[in-house]
Amino acid sequence: MKTPTLAFLRDNAPFLATGALLSFLSSFGQTFFISIFGGEIRAHFGLSNGDWGVIYMVGTGFSALAMVFAGGLADRFRVRVLGVAVVGLLGLACLAMAFNPWAAALPLVIFALRFTGQGMTSHVAVVAMVRWFVAARGRALAVATMGFMTAEALMPLTFVWLKQHIDWHLLWVGAALFCFLCLPILHRLLRLERTPQSSAESNATLGMNGRHWTRAEALRHPLFWSLTPALLFFPAFGTAFWFHQVHFAEIKGWDHLALVAVFPLGTLTFGLFTLVYGWAIDRFGAARLLPIYLLPLILAFSLHAFAPSLGWAAAGVILMGMAGGGQSTIPNAVWAEFYGTRHLGAIKSAVAAVMVLGSAIGPGLSGALIDAGIGYETQLYGFAASFAFAVLVMLLPLARARAALSVAA
């Protein structure tokens, strides 16, 4: 006899598979993938850690700006159209990285990868899951995140090994071909897709005070800005850690491949806690869980700073995976809970812009500090302190917003 969860997976397989595939493909524009080639890119173009960090910051920063305007497209176009389009553009961006001969063009290439991959492909996956599912929203987000988790588990170790045998340019060509091969699969999965308008009407979720909030209204509400440090710091300092993984291994005296080999431990934890938080969202609501999921990061970055051996770093990576499971599900569900679903694409685009901006600031700031002589281990302690601040600053506005939800109910 099938359990409700198995029946849920069976009945919604095409939609869930779409979210998982889009999440997987977004990895080609994520820092954990791009940073694998950081050493080769710096050597090929003659860049320092600071130079590479600034280039990454500029390209990612402009992608954050573009997300503010492009993210609302998810409210207007079917995933069948928008998802296929952004994945096709992501494939072209991978080709641009493979064949780009100029250091001056690197910011544009990074912009293309970050905007189409980390930005729009992830955005379309999340908005689709949140809009298509209501009672099972947490589980749908968890299943979609499995695609990202699978990529994070397999790609670093696989591509670091492949670099020893295949020119790194050809690996980017392979990434592009994979994107192009997935286009007909996405189209096939979505052959029965509903329009955003019709699904929004049948699965409407009201926000605070029993209504749908526009993006302009959400941006004027204290809750949005109280959550901004959390939205900014997680991608900023998480990205900085993955981005400077080669430097981190060097200062610790570890082999890069040995460091990468512990990353799957974090990914396994990421997957486990994605499922745990997905279930918990459906059971308790995202608002109650919001202050909790960042706490492991305080300890994680402290452990990384102290780590005298890979075992300590592995513990830090596991704690990062715990927080990552919350990051992939809780904030995405929070916006629907507090602001409703009618304008979710536009609101989520502003959220995505903040997060992409954070991922732009982190590597550039950290690289500049490294070049200025401020040790990376010292920075890691600062990262830990920032998450304690992010938790504290959200508590009072969150309590007031939850009261508004209670009144609406």
# chains A, B, ... in the order shown; residues from 1 in each chain; ligands from 1
call {"tool": "select_by_dssp", "arguments": {"residues": "range 1-140 of chain A", "states": "alpha helix (DSSP H)", "output": "mmCIF file with C-alpha atoms, in the first residue's frame"}}
result
data_model
loop_
_atom_site.group_PDB
_atom_site.id
_atom_site.type_symbol
_atom_site.label_atom_id
_atom_site.label_comp_id
_atom_site.auth_asym_id
_atom_site.auth_seq_id
_atom_site.Cartn_x
_atom_site.Cartn_y
_atom_site.Cartn_z
ATOM 1 C CA PRO A 4 0.705 9.522 1.169
ATOM 2 C CA THR A 5 4.248 10.656 0.381
ATOM 3 C CA LEU A 6 4.712 8.005 -2.302
ATOM 4 C CA ALA A 7 1.327 8.870 -3.759
ATOM 5 C CA PHE A 8 2.312 12.546 -3.762
ATOM 6 C CA LEU A 9 5.524 11.748 -5.663
ATOM 7 C CA ARG A 10 3.668 9.531 -8.147
ATOM 8 C CA ASP A 11 0.799 11.908 -8.824
ATOM 9 C CA ALA A 13 6.080 13.334 -10.854
ATOM 10 C CA PRO A 14 6.321 15.569 -13.976
ATOM 11 C CA PHE A 15 6.121 18.785 -11.954
ATOM 12 C CA LEU A 16 8.509 17.616 -9.245
ATOM 13 C CA ALA A 17 10.962 16.299 -11.840
ATOM 14 C CA THR A 18 10.887 19.684 -13.561
ATOM 15 C CA GLY A 19 11.821 21.457 -10.347
ATOM 16 C CA ALA A 20 14.600 18.963 -9.611
ATOM 17 C CA LEU A 21 16.036 19.166 -13.132
ATOM 18 C CA LEU A 22 16.007 22.957 -13.170
ATOM 19 C CA SER A 23 17.698 23.004 -9.768
ATOM 20 C CA PHE A 24 20.350 20.580 -11.034
ATOM 21 C CA LEU A 25 21.033 22.633 -14.150
ATOM 22 C CA THR A 31 29.752 29.244 -7.183
ATOM 23 C CA PHE A 32 30.486 25.689 -6.094
ATOM 24 C CA PHE A 33 30.891 24.778 -9.778
ATOM 25 C CA ILE A 34 32.565 27.913 -11.136
ATOM 26 C CA GLY A 38 39.253 29.312 -10.121
ATOM 27 C CA GLY A 39 42.907 28.271 -10.190
ATOM 28 C CA GLU A 40 42.898 27.644 -13.943
ATOM 29 C CA ILE A 41 41.071 30.905 -14.687
ATOM 30 C CA ARG A 42 43.475 32.939 -12.543
ATOM 31 C CA ALA A 43 46.503 31.258 -14.136
ATOM 32 C CA HIS A 44 45.143 31.566 -17.692
ATOM 33 C CA PHE A 45 44.397 35.279 -17.392
ATOM 34 C CA ASN A 49 42.832 36.293 -5.752
ATOM 35 C CA GLY A 50 41.656 39.880 -5.413
ATOM 36 C CA ASP A 51 41.405 40.423 -9.184
ATOM 37 C CA TRP A 52 39.361 37.272 -9.666
ATOM 38 C CA GLY A 53 37.178 38.149 -6.695
ATOM 39 C CA VAL A 54 36.436 41.624 -8.059
ATOM 40 C CA ILE A 55 35.585 40.240 -11.509
ATOM 41 C CA TYR A 56 33.246 37.735 -9.909
ATOM 42 C CA MET A 57 31.703 40.451 -7.759
ATOM 43 C CA VAL A 58 31.065 42.752 -10.735
ATOM 44 C CA GLY A 59 29.523 40.043 -12.925
ATOM 45 C CA THR A 60 27.375 38.689 -10.115
ATOM 46 C CA GLY A 61 26.367 42.167 -8.983
ATOM 47 C CA PHE A 62 24.977 43.043 -12.391
ATOM 48 C CA SER A 63 23.140 39.724 -12.477
ATOM 49 C CA ALA A 64 21.481 40.708 -9.175
ATOM 50 C CA LEU A 65 20.345 43.966 -10.766
ATOM 51 C CA ALA A 66 18.990 42.110 -13.784
ATOM 52 C CA MET A 67 17.029 39.755 -11.528
ATOM 53 C CA VAL A 68 14.987 42.671 -10.165
ATOM 54 C CA PHE A 69 13.578 43.244 -13.653
ATOM 55 C CA ALA A 70 13.597 39.732 -15.089
ATOM 56 C CA VAL A 79 7.660 27.461 -16.993
ATOM 57 C CA ARG A 80 7.442 25.467 -20.231
ATOM 58 C CA VAL A 81 8.532 28.596 -22.095
ATOM 59 C CA LEU A 82 10.621 30.460 -19.529
ATOM 60 C CA GLY A 83 12.421 27.413 -18.155
ATOM 61 C CA VAL A 84 13.454 26.164 -21.581
ATOM 62 C CA ALA A 85 14.605 29.659 -22.586
ATOM 63 C CA VAL A 86 16.828 30.258 -19.560
ATOM 64 C CA VAL A 87 18.402 26.791 -19.764
ATOM 65 C CA GLY A 88 19.211 27.414 -23.427
ATOM 66 C CA LEU A 89 20.831 30.720 -22.498
ATOM 67 C CA LEU A 90 22.732 28.986 -19.691
ATOM 68 C CA GLY A 91 24.201 26.582 -22.253
ATOM 69 C CA LEU A 92 25.376 29.537 -24.347
ATOM 70 C CA ALA A 93 26.957 31.092 -21.242
ATOM 71 C CA CYS A 94 28.901 27.868 -20.634
ATOM 72 C CA LEU A 95 30.208 28.066 -24.197
ATOM 73 C CA ALA A 96 31.240 31.665 -23.575
ATOM 74 C CA MET A 97 33.374 30.560 -20.620
ATOM 75 C CA ALA A 98 34.923 27.811 -22.723
ATOM 76 C CA PHE A 99 35.947 30.028 -25.630
ATOM 77 C CA LEU A 106 35.281 37.782 -17.900
ATOM 78 C CA PRO A 107 32.806 40.033 -16.021
ATOM 79 C CA LEU A 108 30.331 39.604 -18.892
ATOM 80 C CA VAL A 109 30.817 35.832 -18.916
ATOM 81 C CA ILE A 110 30.339 35.645 -15.150
ATOM 82 C CA PHE A 111 27.228 37.809 -15.489
ATOM 83 C CA ALA A 112 25.785 35.421 -18.075
ATOM 84 C CA LEU A 113 26.508 32.327 -15.972
ATOM 85 C CA SER A 122 16.858 28.628 -9.708
ATOM 86 C CA HIS A 123 14.172 31.308 -9.580
ATOM 87 C CA VAL A 124 11.909 29.546 -12.070
ATOM 88 C CA ALA A 125 12.278 26.247 -10.196
ATOM 89 C CA VAL A 126 11.370 27.766 -6.828
ATOM 90 C CA VAL A 127 8.465 29.912 -8.046
ATOM 91 C CA ALA A 128 7.001 26.929 -9.879
ATOM 92 C CA MET A 129 7.126 24.716 -6.779
ATOM 93 C CA VAL A 130 5.702 27.353 -4.447
ATOM 94 C CA ARG A 131 2.881 28.251 -6.819
ATOM 95 C CA TRP A 132 1.958 24.734 -7.923
ATOM 96 C CA ARG A 137 4.736 23.148 -0.498
ATOM 97 C CA GLY A 138 7.550 22.143 1.850
ATOM 98 C CA ARG A 139 7.840 18.664 0.370
ATOM 99 C CA ALA A 140 7.751 20.037 -3.179
#
call {"tool": "closest_residue", "arguments": {"among": "A:His187, A:His169, A:Arg283, A:Lys348", "to": "Ala216 in chain A", "atoms": "only C-alpha atoms"}}
result
A:Lys348
call {"tool": "closest_residue", "arguments": {"among": "A:Ala305, A:Cys179, A:Ala104, A:Ala280", "to": "Ser26 in chain A", "atoms": "only C-alpha atoms"}}
result
A:Cys179
call {"tool": "atom_distance", "arguments": {"atom1": "CA of Leu398 in chain A", "atom2": "CA of Ala144 in chain A"}}
result
26.5 Å
